[in-house]
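Trainee: Next up is a structure, given as structure tokens.
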Amino acid sequence: MAREPRKPIQKDDVLTLLGYALPVLGGLLGVVYVNINHMDFINPVWAVGGGAILGWVAARVMRKALG
């Protein structure tokens, strides 16, 4: 049997993209935060890691809400 043609963008594609894009965006925002706020007590590792974790949490919440 011939396969049906696949739709260009499906819901699963968007959910997969969220799982990768939001932690990267969170880490990037952590880098931006560290570069804008020059304080001695901000460890860049904590800011970037914290941003990535918050992005991962946001992705999980959005994936749960969407599907």
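By order in the structure tokens, chains are A, B, ...; within a chain, residues start at 1; ligands start at 1, following the order shown.
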Find the spatial neighbours of Val24 in chain A, counting only C-alpha atoms, within a cut-off of 12 Å - ignore same-chain residues fewer than 2 positions away - and output them as a ChimeraX atom specification.

Mentor: /A:17-22,26-31,48-56,58-59

Trainee: May I have the residues from that selection written out with C-alpha atoms, as a PDB file, in the first residue's frame?

Mentor:
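Final output, saved to out-v9.pdb:
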ATOM      1  CA  LEU A  17      10.724  21.562  18.773  1.00  0.00           C
ATOM      2  CA  LEU A  18       9.578  23.051  22.088  1.00  0.00           C
ATOM      3  CA  GLY A  19      11.520  20.416  24.003  1.00  0.00           C
ATOM      4  CA  TYR A  20      14.759  21.501  22.348  1.00  0.00           C
ATOM      5  CA  ALA A  21      14.234  25.199  21.681  1.00  0.00           C
ATOM      6  CA  LEU A  22      13.026  26.433  25.057  1.00  0.00           C
ATOM      7  CA  GLY A  26      16.532  29.843  28.528  1.00  0.00           C
ATOM      8  CA  GLY A  27      20.293  29.338  28.529  1.00  0.00           C
ATOM      9  CA  LEU A  28      20.687  32.176  26.048  1.00  0.00           C
ATOM     10  CA  LEU A  29      18.590  34.445  28.256  1.00  0.00           C
ATOM     11  CA  GLY A  30      20.831  33.458  31.182  1.00  0.00           C
ATOM     12  CA  VAL A  31      23.869  34.585  29.184  1.00  0.00           C
ATOM     13  CA  VAL A  48      22.898  29.775  32.197  1.00  0.00           C
ATOM     14  CA  GLY A  49      22.019  26.496  33.912  1.00  0.00           C
ATOM     15  CA  GLY A  50      19.077  28.049  35.710  1.00  0.00           C
ATOM     16  CA  GLY A  51      17.801  29.545  32.479  1.00  0.00           C
ATOM     17  CA  ALA A  52      18.096  26.192  30.731  1.00  0.00           C
ATOM     18  CA  ILE A  53      16.239  24.443  33.547  1.00  0.00           C
ATOM     19  CA  LEU A  54      13.500  27.081  33.515  1.00  0.00           C
ATOM     20  CA  GLY A  55      13.242  26.643  29.743  1.00  0.00           C
ATOM     21  CA  TRP A  56      12.949  22.892  30.194  1.00  0.00           C
ATOM     22  CA  ALA A  58       8.366  25.748  30.477  1.00  0.00           C
ATOM     23  CA  ALA A  59       8.646  23.207  27.650  1.00  0.00           C
TER      24      ALA A  59
END

Trainee: With only C-alpha atoms as the counted atoms, please give the residues lying no more than 10 Å from Asp12 in chain A, apart from itself and same-chain residues fewer than 6 positions off, as a list of chain:residue names.

Mentor: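 Contacts, in chain order: A:Leu18, A:Arg63, A:Leu66, A:Gly67.
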
Trainee: Would you compute the distance between CA of Ala47 in chain A and CA of Val61 in chain A? Give it in Å to one decimal.

Mentor: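 One can read the CA of Ala47 in chain A to CA of Val61 in chain A distance as 20.9 Å.
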
Trainee: Based on the backbone DSSP call, show me all residues of range 6-36 of chain A assigned helix (DSSP H, G or I), as a PyMOL selection string.

Mentor: chain A and resi 11-36

Trainee: In Å, how far is it from CA of Leu25 in chain A to CA of Pro8 in chain A?

Mentor: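 If I compute the distance from CA of Leu25 in chain A to CA of Pro8 in chain A, I get 24.3 Å.
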
Trainee: Between CA of Ile9 in chain A and CA of Met62 in chain A, what is the spacing in Å?

Mentor: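 Straight-line distance from CA of Met62 in chain A to CA of Ile9 in chain A works out to 17.5 Å.
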